[in-house]
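Let me begin by presenting the structure, written as structure tokens, before commenting on it.
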Amino acid sequence: MARLIALPLFATLLIASMLLILDRIGRLFDFVITQGGPVAVVWRMLANLLPEYLGLGIPIGLLLGILLAFRRLATSSELDVMRGVGMSYPRLLRVPYMYAMVLAALNIAIVGYVQPLARYNYEKLRFELRTGALGASIKVGEFTHLGDRMTLRIERSQDSGRKLSGIFVHADTPQNDWVGVTAESGQFLATDDPNVIVFRLTDGTLIHNRPDFRTPRVLSFTVHDLPINLPKFESFRTRGGENLEYTLPQLARLGHSPSASEELRDASRAEFHFRIVEVAMMFLLPLLAVALGVPPKRSSSALGVFLAIVMVVTYHKVNQYAAALGERGAVDPLIALWVPFVLFGAIILWMYHMIANVPGGQPIGALERFFGKIWSTIVRYLPGRLRREARA
């Protein structure tokens, strides 16, 4: 049983994570390139998004792992043999519940502690990209502004930006004069001062002008070091600007803090209960997987797999809506989030009771028959089927 569950569980986690990453990676590349930041930061941003993906991916992986394991046992008649020798469903569910307990503990650690820190780091990276604190990339053939007083243009870039050629620089100084420089090549060099870098230019011409000069001064040089003061950037806010960035203990304290505003208390309690019910639902997923994973006799329909995913995703969306109501104070967060949990849990317990305790019981038997008739009607009127019947 453990082996049958493990393969679809980890495959689901891997596939879900890859799909979500592929969906986001294009937008992240566009955002980073538009802001002029280093492309390598995309991988750091994706790493900080992974805990958010796992928060939903782990429950779905657990559900599909158990469901597909019981479906395989049922379709190969091994489940009938196990039931025939006296193995009850509670006994068969021992291994699935071991998986559920381990993954629930992992998920509470992710959504309660890792995800808030990762969310804050992700927002910090976005802020640093917008402000240029990560270092703006110099785009070849375009004018790049370094601070408020310097403009730079590069014709060619080689060796990952370490060798630049076709250089134009225009800089204004606080003394109301300006310097224009053209050079054949150049490179950036670090200095002992972290706020200053040196742009070493080779084989070029420098023009210096100020209001009291009758004519601009022109200088040809072989090597010229141009100091550049890096712009100062504002600091990013401290963690906790959003409820998503608070850990579970912090949310619990804020939700009952007399010094906090009523809006903050409601929002904190809503986020706290949202995370708890999402993890608590994992202990009902093995029962749902059994109820939907065992198809009716002489049926190989995969309707149960489809319905299981729809139910879990729908419940997740209901929780998000309930949390939003709780944050606004329209409904008490305790009621808004735990009432759907109780109702959803009651449905799952009824479905499990039908499959485990009612002889011949099948919780989705009526749906199986309904969709079976629809499929038969569709197949009957397919063009290929009509041609075969005409030839017969």
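Naming scheme: A, B, ... for chains in displayed order of the structure tokens; residues 1 onward per chain; ligands 1 onward as shown.
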
Which residues in segment 73-304 of chain A does DSSP call alpha helix (DSSP H)? List them as number ranges by chain. A: 73-75, 78-84, 89-92, 94-109, 115-131, 248-255, 262-280, 285-293, 303-304

Just want the 10 Å neighbourhood of Tyr53 of chain A, counted on only C-alpha atoms, with same-chain residues fewer than 3 positions away dropped. Output as a PyMOL selection string. chain A and resi 13+16-18+20-21+48-50+56-58+115

Selection export as an mmCIF file, in the first residue's frame, atoms kept: N, CA, C and O atoms:
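Printed below is selection08.cif as written:
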data_model
loop_
_atom_site.group_PDB
_atom_site.id
_atom_site.type_symbol
_atom_site.label_atom_id
_atom_site.label_comp_id
_atom_site.auth_asym_id
_atom_site.auth_seq_id
_atom_site.Cartn_x
_atom_site.Cartn_y
_atom_site.Cartn_z
ATOM 1 N N LEU A 13 2.975 15.872 -6.968
ATOM 2 C CA LEU A 13 3.667 17.043 -6.420
ATOM 3 C C LEU A 13 4.637 17.629 -7.434
ATOM 4 O O LEU A 13 4.704 18.852 -7.618
ATOM 5 N N ALA A 16 2.583 19.127 -10.498
ATOM 6 C CA ALA A 16 1.873 20.352 -10.115
ATOM 7 C C ALA A 16 2.849 21.504 -9.926
ATOM 8 O O ALA A 16 2.593 22.633 -10.365
ATOM 9 N N SER A 17 3.978 21.228 -9.262
ATOM 10 C CA SER A 17 4.970 22.291 -9.037
ATOM 11 C C SER A 17 5.542 22.785 -10.355
ATOM 12 O O SER A 17 5.709 23.998 -10.558
ATOM 13 N N MET A 18 5.843 21.867 -11.272
ATOM 14 C CA MET A 18 6.410 22.263 -12.559
ATOM 15 C C MET A 18 5.417 23.086 -13.369
ATOM 16 O O MET A 18 5.783 24.077 -14.001
ATOM 17 N N LEU A 20 2.934 24.961 -12.222
ATOM 18 C CA LEU A 20 2.781 26.279 -11.612
ATOM 19 C C LEU A 20 4.011 27.149 -11.876
ATOM 20 O O LEU A 20 3.897 28.358 -12.115
ATOM 21 N N ILE A 21 5.199 26.530 -11.824
ATOM 22 C CA ILE A 21 6.421 27.284 -12.091
ATOM 23 C C ILE A 21 6.467 27.738 -13.545
ATOM 24 O O ILE A 21 6.825 28.887 -13.837
ATOM 25 N N ASN A 48 11.188 31.318 -3.663
ATOM 26 C CA ASN A 48 10.324 31.879 -2.625
ATOM 27 C C ASN A 48 8.844 31.652 -2.911
ATOM 28 O O ASN A 48 8.013 31.789 -2.003
ATOM 29 N N LEU A 49 8.488 31.334 -4.159
ATOM 30 C CA LEU A 49 7.102 31.015 -4.478
ATOM 31 C C LEU A 49 6.777 29.541 -4.260
ATOM 32 O O LEU A 49 5.613 29.174 -4.125
ATOM 33 N N LEU A 50 7.803 28.680 -4.204
ATOM 34 C CA LEU A 50 7.572 27.243 -4.089
ATOM 35 C C LEU A 50 6.778 26.858 -2.851
ATOM 36 O O LEU A 50 5.881 26.007 -2.930
ATOM 37 N N LEU A 56 -0.928 24.046 -1.496
ATOM 38 C CA LEU A 56 -2.073 23.393 -2.136
ATOM 39 C C LEU A 56 -1.671 22.096 -2.817
ATOM 40 O O LEU A 56 -2.479 21.168 -2.911
ATOM 41 N N GLY A 57 -0.432 21.996 -3.260
ATOM 42 C CA GLY A 57 0.012 20.802 -3.968
ATOM 43 C C GLY A 57 0.086 19.572 -3.081
ATOM 44 O O GLY A 57 -0.219 18.454 -3.525
ATOM 45 N N ILE A 58 0.473 19.741 -1.819
ATOM 46 C CA ILE A 58 0.588 18.592 -0.912
ATOM 47 C C ILE A 58 -0.771 17.935 -0.665
ATOM 48 O O ILE A 58 -0.890 16.706 -0.756
ATOM 49 N N GLN A 115 6.200 29.598 4.577
ATOM 50 C CA GLN A 115 5.531 30.415 3.562
ATOM 51 C C GLN A 115 5.495 31.900 3.906
ATOM 52 O O GLN A 115 5.732 32.737 3.022
#

I want to know what sits within 12 Å of Leu93 of chain A, based on only C-alpha atoms, with residues of the same chain fewer than 4 positions away left out; could you give that as a PyMOL selection string? chain A and resi 1-2+5+66-67+69-70+87-89+97-100+283-291+352+356

Atom-to-atom span, atom CA of Met150 of chain A and atom CA of Asn229 of chain A, Å: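 Here the two named atoms are 9.6 Å from each other.
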
Rank A:Gly361, A:Val181, A:Ile60, A:Glu245 by their smallest atom-to-atom distance to Val313 of chain A, using only C-alpha atoms, and report the top residue only.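 Distance minimum relative to Val313 of chain A lands on A:Ile60.
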
10 Å contact set for Thr151 of chain A, only C-alpha atoms, chain neighbours under 3 positions out, as a count of residues only: 12

Tell me which protein, DNA and RNA residues are within 8 Å of segment 201-217 of chain A, counting only C-alpha atoms, leaving out same-chain ones fewer than 5 positions away, and put them as a list in words.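 Within the cut-off, the hits are Asn176, Asp177, Trp178, Val179, Gly180, Val181, Thr182, Ala183, Glu184, Ser185, Gly186, Gln187, Thr222, Val223, His224, Asp225 and Leu226 of chain A.
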
Would you save the residues from that selection as a PDB file, in the first residue's frame, using N, CA, C and O atoms?
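Printed below is result07.pdb as written:
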ATOM      1  N   ASN A 176      26.919  72.670 -11.093  1.00  0.00           N
ATOM      2  CA  ASN A 176      26.210  73.147 -12.278  1.00  0.00           C
ATOM      3  C   ASN A 176      27.071  73.088 -13.533  1.00  0.00           C
ATOM      4  O   ASN A 176      26.900  73.870 -14.460  1.00  0.00           O
ATOM      5  N   ASP A 177      28.051  72.171 -13.571  1.00  0.00           N
ATOM      6  CA  ASP A 177      28.788  71.941 -14.803  1.00  0.00           C
ATOM      7  C   ASP A 177      28.500  70.515 -15.269  1.00  0.00           C
ATOM      8  O   ASP A 177      27.865  69.731 -14.564  1.00  0.00           O
ATOM      9  N   TRP A 178      28.958  70.190 -16.460  1.00  0.00           N
ATOM     10  CA  TRP A 178      28.707  68.860 -16.984  1.00  0.00           C
ATOM     11  C   TRP A 178      29.938  68.328 -17.684  1.00  0.00           C
ATOM     12  O   TRP A 178      30.807  69.077 -18.111  1.00  0.00           O
ATOM     13  N   VAL A 179      29.978  66.997 -17.788  1.00  0.00           N
ATOM     14  CA  VAL A 179      31.091  66.295 -18.431  1.00  0.00           C
ATOM     15  C   VAL A 179      30.507  65.322 -19.448  1.00  0.00           C
ATOM     16  O   VAL A 179      29.586  64.557 -19.132  1.00  0.00           O
ATOM     17  N   GLY A 180      31.030  65.379 -20.668  1.00  0.00           N
ATOM     18  CA  GLY A 180      30.666  64.416 -21.696  1.00  0.00           C
ATOM     19  C   GLY A 180      31.884  63.619 -22.104  1.00  0.00           C
ATOM     20  O   GLY A 180      32.962  64.192 -22.318  1.00  0.00           O
ATOM     21  N   VAL A 181      31.746  62.314 -22.179  1.00  0.00           N
ATOM     22  CA  VAL A 181      32.886  61.448 -22.471  1.00  0.00           C
ATOM     23  C   VAL A 181      32.489  60.443 -23.537  1.00  0.00           C
ATOM     24  O   VAL A 181      31.402  59.860 -23.495  1.00  0.00           O
ATOM     25  N   THR A 182      33.378  60.246 -24.493  1.00  0.00           N
ATOM     26  CA  THR A 182      33.266  59.135 -25.435  1.00  0.00           C
ATOM     27  C   THR A 182      34.545  58.327 -25.329  1.00  0.00           C
ATOM     28  O   THR A 182      35.639  58.889 -25.166  1.00  0.00           O
ATOM     29  N   ALA A 183      34.433  57.005 -25.410  1.00  0.00           N
ATOM     30  CA  ALA A 183      35.609  56.146 -25.285  1.00  0.00           C
ATOM     31  C   ALA A 183      35.395  54.884 -26.100  1.00  0.00           C
ATOM     32  O   ALA A 183      34.260  54.456 -26.326  1.00  0.00           O
ATOM     33  N   GLU A 184      36.529  54.319 -26.536  1.00  0.00           N
ATOM     34  CA  GLU A 184      36.442  53.091 -27.325  1.00  0.00           C
ATOM     35  C   GLU A 184      36.045  51.894 -26.470  1.00  0.00           C
ATOM     36  O   GLU A 184      35.306  51.025 -26.908  1.00  0.00           O
ATOM     37  N   SER A 185      36.536  51.833 -25.234  1.00  0.00           N
ATOM     38  CA  SER A 185      36.234  50.684 -24.381  1.00  0.00           C
ATOM     39  C   SER A 185      36.260  51.120 -22.926  1.00  0.00           C
ATOM     40  O   SER A 185      36.683  52.229 -22.590  1.00  0.00           O
ATOM     41  N   GLY A 186      35.805  50.219 -22.062  1.00  0.00           N
ATOM     42  CA  GLY A 186      35.802  50.522 -20.639  1.00  0.00           C
ATOM     43  C   GLY A 186      35.313  49.334 -19.834  1.00  0.00           C
ATOM     44  O   GLY A 186      34.816  48.335 -20.378  1.00  0.00           O
ATOM     45  N   GLN A 187      35.456  49.439 -18.501  1.00  0.00           N
ATOM     46  CA  GLN A 187      34.978  48.398 -17.599  1.00  0.00           C
ATOM     47  C   GLN A 187      34.728  49.007 -16.221  1.00  0.00           C
ATOM     48  O   GLN A 187      35.354  50.009 -15.847  1.00  0.00           O
ATOM     49  N   THR A 222      44.252  58.347 -22.757  1.00  0.00           N
ATOM     50  CA  THR A 222      44.457  56.914 -22.993  1.00  0.00           C
ATOM     51  C   THR A 222      43.687  56.095 -21.964  1.00  0.00           C
ATOM     52  O   THR A 222      43.010  55.115 -22.291  1.00  0.00           O
ATOM     53  N   VAL A 223      43.810  56.513 -20.690  1.00  0.00           N
ATOM     54  CA  VAL A 223      43.066  55.854 -19.607  1.00  0.00           C
ATOM     55  C   VAL A 223      42.507  56.944 -18.707  1.00  0.00           C
ATOM     56  O   VAL A 223      43.229  57.872 -18.311  1.00  0.00           O
ATOM     57  N   HIS A 224      41.239  56.840 -18.375  1.00  0.00           N
ATOM     58  CA  HIS A 224      40.617  57.826 -17.485  1.00  0.00           C
ATOM     59  C   HIS A 224      39.646  57.093 -16.551  1.00  0.00           C
ATOM     60  O   HIS A 224      38.822  56.292 -17.002  1.00  0.00           O
ATOM     61  N   ASP A 225      39.794  57.339 -15.232  1.00  0.00           N
ATOM     62  CA  ASP A 225      38.906  56.734 -14.244  1.00  0.00           C
ATOM     63  C   ASP A 225      37.801  57.721 -13.888  1.00  0.00           C
ATOM     64  O   ASP A 225      38.072  58.844 -13.423  1.00  0.00           O
ATOM     65  N   LEU A 226      36.575  57.295 -14.105  1.00  0.00           N
ATOM     66  CA  LEU A 226      35.421  58.143 -13.828  1.00  0.00           C
ATOM     67  C   LEU A 226      34.689  57.575 -12.612  1.00  0.00           C
ATOM     68  O   LEU A 226      34.061  56.501 -12.705  1.00  0.00           O
TER      69      LEU A 226
END

Tell me which protein, DNA and RNA residues are within 6 Å of Glu327 of chain A, counting only C-alpha atoms, leaving out same-chain ones fewer than 4 positions away, and put them as a list in words.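 What passes the distance filter is Asp266, Ala267 and Ala270 of chain A.
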
Print the selection's residues with N, CA, C and O atoms to a file, as a short mmCIF file (atom, residue, chain, number, x, y, z; two decimals), in the first residue's frame.
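Final file, again.cif:
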data_model
loop_
_atom_site.label_atom_id
_atom_site.label_comp_id
_atom_site.auth_asym_id
_atom_site.auth_seq_id
_atom_site.Cartn_x
_atom_site.Cartn_y
_atom_site.Cartn_z
N ASP A 266 -9.66 41.05 13.10
CA ASP A 266 -10.47 40.21 12.22
C ASP A 266 -9.63 39.61 11.09
O ASP A 266 -9.76 38.42 10.77
N ALA A 267 -8.78 40.43 10.48
CA ALA A 267 -7.94 39.94 9.39
C ALA A 267 -6.97 38.87 9.87
O ALA A 267 -6.76 37.86 9.18
N ALA A 270 -8.93 35.64 10.62
CA ALA A 270 -9.36 35.00 9.37
C ALA A 270 -8.21 34.24 8.73
O ALA A 270 -8.37 33.09 8.29
#

Can you tell me which residues surround Ile276 of chain A at a distance of at most 12 Å, considering only C-alpha atoms, apart from same-chain residues fewer than 5 positions away, and format the answer as a list of chain:residue names?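 In the requested form, the answer reads A:Gly55, A:Ala104, A:Ala105, A:Asn107, A:Ile108, A:Ala109, A:Ile110, A:Val111, A:Gly112, A:Thr247, A:Leu248, A:Pro249, A:Leu251, A:Ala252, A:Arg269, A:Ala270, A:Glu271, A:Met281, A:Met282, A:Phe283, A:Asn319, A:Ala323, A:Pro333, A:Leu334, A:Leu337, A:Trp338, A:Phe341.
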
Go through A:Leu103, A:Leu63, A:Leu68, A:Arg119 and flag the residue nearest Ala47 of chain A, using only C-alpha atoms for the distances.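 Among A:Leu103, A:Leu63, A:Leu68, A:Arg119, it is A:Arg119 that comes nearest to Ala47 of chain A.
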